[in-house]
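Worksheet: the structure to be examined is printed underneath.
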Amino acid sequence: MNTTTAKPKSLFQKVWDAHAIRKLASGQTQLLIGTHLIHEVTSPQAFGMLRDLGLKVLMPHRTFATVDHIVPTDQMFEPFADPLADAMIKELRRNCAEFGITFFDRSTGHQGIVHIVGPEQGITQPGTTIACGDSHTSTHGAFGAIAFGIGTSQVRDVLATQTMALGELKVRRINVEGKLETGVYAKDVILHIIRKLGVNGGTGYAYEYGGPVFDSFSLEERMTVCNMSIEGGARVGYVNPDQKTFDYLKGRPFAPKGSAWEDAVVRWTSFRSEPGCHYDDVVTFDAAEVEPTVTWGINPGQAISINERIPTVEDAPEEEKASVAEALAHMKLTPGAAIKGTPVNVAFLGSCTNGRLSDFVEVAKFLKGRKVAPNVRAIAVPGSQGVAKLCSEMGLDKLFEEAGFEWRGAGCSMCLAMNPDKLVGDEVCASSSNRNFKGRQGSPNGRTILMSPVMVAAAAVTGVVSDAREVFGT
Amino acid sequence: MPLEKITKIVGSAIIIPGDDIDTDRIIPARFMKCVTFDGLGEFLFYDVRHNETGEPTDHPLNRPEAKEAKFLISGNNFGCGSSREHAPQAIYRFGFRAVIAGGFAEIFFGNATTLGMPCISLSRSDLVDLQKTIHAEPSTKLELDLASKTLAVAGKSYAVQIRESARDALINGRWDAIGELLDALPKVRETASRLPYMNV
Ligand code: SF4
């Protein structure tokens, strides 16, 4: 534990120090990974490599598995119609059984998107290191964990050694001061940050988010922001743990119990960044400047507020002209026109960014008594079986269905093209997910417009990109 | 586990123009439905290499000389997005042995290095100059020397940037860390035992 006489440290520094094993010859650090999360897409090759090398899983009780990307959200039985998907879930089942790994399989009632399951189970805890073969692992930083997205070879490293080789990151403190206007959400905050700092502005950094807006955010809202850190190029994003963090975790299946709980809270608190600690950079935003934000292009930084106009190539800075032109051509949008009013074909509510209980509760407030526009295909996909259960206890599944949404089973669904939920041709999708890359939603010509869940609902009921504040009179 | 020391790479190059080329484009997600990396090279940049009916387009990777190329050249922030190792695996399995760009997304950079495939950055002006040379003569040979951090092309020599830890790992045959990581298991257990949440 850190003494008070030492130089004040950031949470990142403290967690790093507590988990550093040694310096490697390359100059990187061998870092202990306390918690390892795996899913079906990036783990099978890693288990294959272990077998090839004749290695075992060092600490099987520190790896937790779920299945999310390939799960068809409209088919509850197996075998899956897609034989490749079916082979993948079977392979994960086999690997978990063989190596003694806890698997939140579909039959457990706890399956779901890996970044929703970890927090829900209380596995994600402050002051810990977490790794997962998935770039949105940064989500877990909402709890004050240092959480890394890794590649498959590193999944192998963590399985075999519970460590990985990593260069230390710099820390950028991002303050959001003031108070968000009504109708402006956590999703808008992160789209705004990425727009301002750029899609590679975070390279080499861990982002520490703080200030009044983050203090007032729920854990679920903090997760939405941390989730998209990677879209801004940052490897890691986190918020210092506070009473809300502890309240969220209390009583969850993997949270400490009894007297261990009190000890844990003391320990967790000790990991908070100390006043006066060193940050490599500090950036401050004013909450009043954040508007409901939507993307117009093909990366999450190509975003504007709902009342701005679509950029033109002429007005773009010299070094961005080519990418603006490419984005406009793909999106088939008129430069200089309003984004508001752009027709949409599909509305997607879900993903590890915005597929949690609070997202559906918030949308339900506005959707009640309204109908999805006739030409829009709308799907609502709870991020986990746990979220689905809570939603149905509140009657939200019925409410969404009455409004004309399809209510699905838990999974990644239309966030990426690894299951049957896909865009067709050049369909436009109003999406609560995190990536608008070309082809991301399954059709090479598909067009994705990222926005908050309530904005997705507004687009669903009007059939066009809309300002939810106008549509719902907030 | 002795690994090859990667110091020199010699061969021709293919240019994939554009900035912010993300890993969904490098290997579209639907091709990740696999339990091994074998055969992934075939699906590299699939969506731009094929038209809507699945016929090959005139994409640079479909030209016969692509099969011989050792260098893939692109713009800034190459490999952003998903952490999928399928992306560098597909590039490597297609036959490339190094990627040259204005800059790289971090996870991609790390994944590629672990495969023994250097990711090197050039300044914007050098990158433009290099691309011009290759456009004019697609069979131009490039010679990367990681020891001297230079790229020799048609009588010119460009200074290349690569993170020192990666360069060191490549030229000393330490680019796959697993062997070194395994050496420290007693210390790993000891550190884990000091962290109550790890329950060891
Ligand atoms: S919801 Fe989307 S971003 Fe999140 S883990 Fe699934 S595919 Fe990845």
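If you're wondering about the labels, chains in the structure tokens are A, B, ... by order shown, residues count from 1 in each chain, ligands from 1 in order shown.
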At most 6 Å is the cut-off: for each residue in chain B with any atom that close to an atom of chain A, write down the nearest atom pair and the distance in Å rounded to one decimal, counting only C-alpha atoms, chain first then increasing number, as JSON lines.
```
{"residue": "B:Ala29", "atom": "CA", "partner": "A:Ala417", "partner_atom": "CA", "distance": 5.6}
{"residue": "B:Arg30", "atom": "CA", "partner": "A:Met418", "partner_atom": "CA", "distance": 5.0}
{"residue": "B:Lys33", "atom": "CA", "partner": "A:Leu84", "partner_atom": "CA", "distance": 5.9}
{"residue": "B:Val35", "atom": "CA", "partner": "A:Pro44", "partner_atom": "CA", "distance": 5.2}
{"residue": "B:Thr36", "atom": "CA", "partner": "A:Gln45", "partner_atom": "CA", "distance": 5.2}
{"residue": "B:Ser82", "atom": "CA", "partner": "A:Ser135", "partner_atom": "CA", "distance": 5.4}
{"residue": "B:Ser83", "atom": "CA", "partner": "A:Ser135", "partner_atom": "CA", "distance": 4.8}
{"residue": "B:Arg84", "atom": "CA", "partner": "A:Gly151", "partner_atom": "CA", "distance": 5.8}
{"residue": "B:Glu85", "atom": "CA", "partner": "A:Gly151", "partner_atom": "CA", "distance": 5.0}
{"residue": "B:Asn111", "atom": "CA", "partner": "A:Gly151", "partner_atom": "CA", "distance": 5.8}
{"residue": "B:Ser165", "atom": "CA", "partner": "A:Ser26", "partner_atom": "CA", "distance": 4.8}
{"residue": "B:Asp168", "atom": "CA", "partner": "A:Ser26", "partner_atom": "CA", "distance": 6.0}
{"residue": "B:Ala169", "atom": "CA", "partner": "A:Ser26", "partner_atom": "CA", "distance": 5.7}
{"residue": "B:Ile178", "atom": "CA", "partner": "A:Asp157", "partner_atom": "CA", "distance": 6.0}
```
Generate the output file for the selected residues, N, CA and C atoms, as a PDB file, in the first residue's frame.
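Done, and the output landed in out32.pdb:
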```pdb
ATOM      1  N   ALA B  29     -15.482  -8.739 -40.072  1.00  0.00           N
ATOM      2  CA  ALA B  29     -15.792  -9.595 -38.920  1.00  0.00           C
ATOM      3  C   ALA B  29     -16.330 -10.965 -39.308  1.00  0.00           C
ATOM      4  N   ARG B  30     -17.042 -11.031 -40.430  1.00  0.00           N
ATOM      5  CA  ARG B  30     -17.660 -12.328 -40.733  1.00  0.00           C
ATOM      6  C   ARG B  30     -16.611 -13.408 -41.007  1.00  0.00           C
ATOM      7  N   LYS B  33     -15.157 -15.953 -38.021  1.00  0.00           N
ATOM      8  CA  LYS B  33     -15.815 -17.161 -37.532  1.00  0.00           C
ATOM      9  C   LYS B  33     -14.944 -18.371 -37.849  1.00  0.00           C
ATOM     10  N   VAL B  35     -11.786 -21.120 -35.823  1.00  0.00           N
ATOM     11  CA  VAL B  35     -11.102 -21.450 -34.583  1.00  0.00           C
ATOM     12  C   VAL B  35      -9.590 -21.559 -34.774  1.00  0.00           C
ATOM     13  N   THR B  36      -9.108 -21.326 -36.001  1.00  0.00           N
ATOM     14  CA  THR B  36      -7.655 -21.185 -36.210  1.00  0.00           C
ATOM     15  C   THR B  36      -7.430 -19.988 -37.133  1.00  0.00           C
ATOM     16  N   SER B  82     -10.914  -2.517 -33.741  1.00  0.00           N
ATOM     17  CA  SER B  82     -10.940  -3.775 -32.999  1.00  0.00           C
ATOM     18  C   SER B  82      -9.531  -4.313 -32.700  1.00  0.00           C
ATOM     19  N   SER B  83      -9.420  -5.032 -31.584  1.00  0.00           N
ATOM     20  CA  SER B  83      -8.127  -5.596 -31.175  1.00  0.00           C
ATOM     21  C   SER B  83      -7.823  -6.903 -31.883  1.00  0.00           C
ATOM     22  N   ARG B  84      -8.666  -7.316 -32.813  1.00  0.00           N
ATOM     23  CA  ARG B  84      -8.531  -8.637 -33.433  1.00  0.00           C
ATOM     24  C   ARG B  84      -7.128  -8.884 -33.995  1.00  0.00           C
ATOM     25  N   GLU B  85      -6.486  -9.922 -33.509  1.00  0.00           N
ATOM     26  CA  GLU B  85      -5.180 -10.313 -34.036  1.00  0.00           C
ATOM     27  C   GLU B  85      -5.350 -10.910 -35.426  1.00  0.00           C
ATOM     28  N   ASN B 111       0.170  -6.358 -31.586  1.00  0.00           N
ATOM     29  CA  ASN B 111      -0.177  -7.668 -32.154  1.00  0.00           C
ATOM     30  C   ASN B 111       0.770  -8.034 -33.290  1.00  0.00           C
ATOM     31  N   SER B 165      11.391  -0.441 -27.896  1.00  0.00           N
ATOM     32  CA  SER B 165      11.212  -1.776 -27.291  1.00  0.00           C
ATOM     33  C   SER B 165      10.868  -2.806 -28.362  1.00  0.00           C
ATOM     34  N   ASP B 168      14.070  -3.478 -30.542  1.00  0.00           N
ATOM     35  CA  ASP B 168      14.969  -4.318 -29.761  1.00  0.00           C
ATOM     36  C   ASP B 168      14.488  -5.776 -29.755  1.00  0.00           C
ATOM     37  N   ALA B 169      13.194  -5.946 -29.541  1.00  0.00           N
ATOM     38  CA  ALA B 169      12.638  -7.309 -29.493  1.00  0.00           C
ATOM     39  C   ALA B 169      12.807  -8.011 -30.836  1.00  0.00           C
ATOM     40  N   ILE B 178       6.474 -14.868 -24.809  1.00  0.00           N
ATOM     41  CA  ILE B 178       6.003 -15.956 -23.942  1.00  0.00           C
ATOM     42  C   ILE B 178       7.130 -16.635 -23.138  1.00  0.00           C
TER      43      ILE B 178
END
```
**Request:** Pull the strand (DSSP E) assignments for segment 225-392 of chain A out of DSSP run on the backbone, and list those residues as a PyMOL selection string.
**Result:** chain A and resi 236-239+281-286+293-295+303-305+346-349+377-380
Can those selected residues be exported to a file as a compact mmCIF listing (two decimals), in the first residue's frame so that it contains N, CA, C and O atoms?
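Writing the result to selection12.txt gives the following:
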```txt
# COMPACT_ATOMS: atom_id res chain seq x y z
N VAL A 236 -6.72 2.63 -22.54
CA VAL A 236 -7.39 2.42 -21.27
C VAL A 236 -8.17 3.69 -20.93
O VAL A 236 -7.73 4.78 -21.28
N GLY A 237 -9.32 3.55 -20.29
CA GLY A 237 -10.04 4.72 -19.77
C GLY A 237 -10.57 4.35 -18.40
O GLY A 237 -10.96 3.20 -18.20
N TYR A 238 -10.54 5.27 -17.47
CA TYR A 238 -11.06 4.92 -16.14
C TYR A 238 -11.61 6.12 -15.40
O TYR A 238 -11.32 7.27 -15.73
N VAL A 239 -12.41 5.81 -14.38
CA VAL A 239 -12.96 6.80 -13.47
C VAL A 239 -12.56 6.34 -12.08
O VAL A 239 -12.62 5.14 -11.78
N ASP A 281 -0.95 15.04 -19.19
CA ASP A 281 -1.74 16.03 -19.92
C ASP A 281 -3.07 16.21 -19.19
O ASP A 281 -3.56 15.27 -18.55
N VAL A 282 -3.63 17.40 -19.28
CA VAL A 282 -4.94 17.66 -18.69
C VAL A 282 -5.78 18.39 -19.73
O VAL A 282 -5.32 19.34 -20.35
N VAL A 283 -6.99 17.91 -19.95
CA VAL A 283 -7.89 18.56 -20.91
C VAL A 283 -9.21 18.79 -20.20
O VAL A 283 -9.69 17.93 -19.47
N THR A 284 -9.78 19.97 -20.37
CA THR A 284 -11.04 20.27 -19.70
C THR A 284 -12.12 20.64 -20.71
O THR A 284 -11.87 21.41 -21.64
N PHE A 285 -13.28 20.04 -20.55
CA PHE A 285 -14.43 20.36 -21.40
C PHE A 285 -15.52 20.99 -20.54
O PHE A 285 -15.62 20.70 -19.35
N ASP A 286 -16.35 21.80 -21.20
CA ASP A 286 -17.47 22.41 -20.53
C ASP A 286 -18.73 21.63 -20.92
O ASP A 286 -19.06 21.52 -22.11
N THR A 293 -25.11 14.35 -30.04
CA THR A 293 -24.10 14.25 -31.09
C THR A 293 -24.34 13.01 -31.93
O THR A 293 -24.73 11.96 -31.41
N VAL A 294 -24.11 13.14 -33.23
CA VAL A 294 -24.27 12.00 -34.15
C VAL A 294 -23.06 11.96 -35.07
O VAL A 294 -22.44 12.98 -35.33
N THR A 295 -22.73 10.79 -35.57
CA THR A 295 -21.64 10.71 -36.54
C THR A 295 -22.20 10.91 -37.95
O THR A 295 -23.35 10.60 -38.22
N ALA A 303 -17.95 13.32 -36.17
CA ALA A 303 -19.22 13.53 -35.48
C ALA A 303 -19.55 15.02 -35.45
O ALA A 303 -18.65 15.86 -35.45
N ILE A 304 -20.84 15.31 -35.43
CA ILE A 304 -21.30 16.69 -35.28
C ILE A 304 -22.50 16.71 -34.35
O ILE A 304 -23.13 15.67 -34.11
N SER A 305 -22.83 17.88 -33.83
CA SER A 305 -24.03 17.94 -33.02
C SER A 305 -25.22 17.92 -33.97
O SER A 305 -25.11 18.24 -35.15
N VAL A 346 -32.91 1.41 -40.40
CA VAL A 346 -32.78 0.48 -39.29
C VAL A 346 -32.47 1.28 -38.02
O VAL A 346 -31.76 2.28 -38.07
N ALA A 347 -33.03 0.84 -36.89
CA ALA A 347 -32.67 1.42 -35.59
C ALA A 347 -32.18 0.28 -34.70
O ALA A 347 -32.88 -0.72 -34.54
N PHE A 348 -30.98 0.44 -34.19
CA PHE A 348 -30.40 -0.62 -33.35
C PHE A 348 -30.09 -0.10 -31.95
O PHE A 348 -29.29 0.82 -31.77
N LEU A 349 -30.74 -0.71 -30.96
CA LEU A 349 -30.50 -0.38 -29.56
C LEU A 349 -29.81 -1.57 -28.91
O LEU A 349 -30.39 -2.65 -28.86
N ARG A 377 -36.89 -0.77 -39.58
CA ARG A 377 -36.73 -2.04 -38.88
C ARG A 377 -36.00 -1.71 -37.58
O ARG A 377 -34.88 -1.22 -37.61
N ALA A 378 -36.65 -1.95 -36.46
CA ALA A 378 -36.06 -1.55 -35.17
C ALA A 378 -35.85 -2.76 -34.29
O ALA A 378 -36.76 -3.57 -34.10
N ILE A 379 -34.63 -2.90 -33.77
CA ILE A 379 -34.38 -4.02 -32.87
C ILE A 379 -33.75 -3.53 -31.57
O ILE A 379 -32.91 -2.64 -31.56
N ALA A 380 -34.20 -4.12 -30.48
CA ALA A 380 -33.68 -3.80 -29.15
C ALA A 380 -33.07 -5.08 -28.58
O ALA A 380 -33.73 -6.12 -28.54
```
**Item:** Residues of segment 198-412 of chain A in helix (DSSP H, G or I), written as a PyMOL selection string
**Value:** chain A and resi 212-216+219-232+243-249+259-270+287-289+318-331+351-354+357-367+385-393+396-403
**Item:** Shell around Asp105 of chain A at 12 Å using only C-alpha atoms, local window under 4 positions removed, as a PyMOL selection string
**Value:** chain A and resi 39-40+64-68+71+89-90+92-94+96-97+101+109-114+117+384-385+410-411
Excluding same-chain residues fewer than 2 positions from Val10 of chain B, what lies within 8 Å of it counting only C-alpha atoms, as an mmCIF file with C-alpha atoms, in the first residue's frame?
```
data_model
loop_
_atom_site.group_PDB
_atom_site.id
_atom_site.type_symbol
_atom_site.label_atom_id
_atom_site.label_comp_id
_atom_site.auth_asym_id
_atom_site.auth_seq_id
_atom_site.Cartn_x
_atom_site.Cartn_y
_atom_site.Cartn_z
ATOM 1 C CA LYS B 8 16.567 -7.033 -42.677
ATOM 2 C CA SER B 12 8.533 -5.098 -53.213
ATOM 3 C CA LYS B 70 6.865 -8.095 -48.598
ATOM 4 C CA LYS B 141 12.637 -3.183 -54.189
ATOM 5 C CA LEU B 142 12.648 -1.844 -50.649
ATOM 6 C CA GLU B 143 15.300 -2.756 -48.144
ATOM 7 C CA LEU B 144 14.466 -2.285 -44.484
#
```
Close residues, Ile16 of chain B itself excluded, 9 Å, only C-alpha atoms, min 3 positions apart in chain, as a short mmCIF file (atom, residue, chain, number, x, y, z; two decimals) with N, CA, C and O atoms, in the first residue's frame:
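Once written, around-v8.cif looks like this:
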```cif
data_model
loop_
_atom_site.label_atom_id
_atom_site.label_comp_id
_atom_site.auth_asym_id
_atom_site.auth_seq_id
_atom_site.Cartn_x
_atom_site.Cartn_y
_atom_site.Cartn_z
N ILE B 21 -7.22 3.31 -41.61
CA ILE B 21 -7.71 2.01 -42.10
C ILE B 21 -7.92 1.12 -40.87
O ILE B 21 -6.97 0.80 -40.17
N HIS B 59 -8.37 -4.08 -57.27
CA HIS B 59 -7.64 -3.69 -56.06
C HIS B 59 -6.17 -4.12 -56.16
O HIS B 59 -5.88 -5.20 -56.71
N PRO B 60 -5.26 -3.29 -55.63
CA PRO B 60 -3.83 -3.64 -55.71
C PRO B 60 -3.51 -5.06 -55.22
O PRO B 60 -2.61 -5.72 -55.76
N LEU B 61 -4.24 -5.54 -54.22
CA LEU B 61 -3.93 -6.87 -53.69
C LEU B 61 -4.33 -8.00 -54.64
O LEU B 61 -3.93 -9.15 -54.46
N LEU B 72 3.59 -3.82 -46.94
CA LEU B 72 2.29 -3.20 -47.15
C LEU B 72 2.42 -1.75 -46.69
O LEU B 72 2.90 -1.49 -45.58
N ILE B 73 2.02 -0.82 -47.56
CA ILE B 73 2.18 0.61 -47.25
C ILE B 73 0.81 1.26 -47.15
O ILE B 73 -0.06 1.04 -47.99
N SER B 74 0.60 2.04 -46.09
CA SER B 74 -0.68 2.75 -45.95
C SER B 74 -0.46 4.12 -45.31
O SER B 74 0.68 4.60 -45.25
N GLY B 75 -1.56 4.75 -44.83
CA GLY B 75 -1.48 6.12 -44.31
C GLY B 75 -1.37 6.18 -42.79
O GLY B 75 -0.75 5.32 -42.17
#
```
**Item:** Interatomic distance (Å, one decimal) between atom CA of Leu249 of chain A and atom CA of Val363 of chain A
**Value:** 24.5 Å
**Message:** Please determine, counting only C-alpha atoms, which residue among B:Leu3, B:Leu40, B:Val128, B:Ala105 has the shortest atom-to-atom distance to Arg174 of chain B.
**Reply:** B:Leu3
**Message:** Show me, as a ChimeraX atom specification, the residues that have an atom within 7 Å of Leu11 of chain A when counting only C-alpha atoms, minus same-chain residues fewer than 4 positions from it.
**Reply:** /A:15,271-273
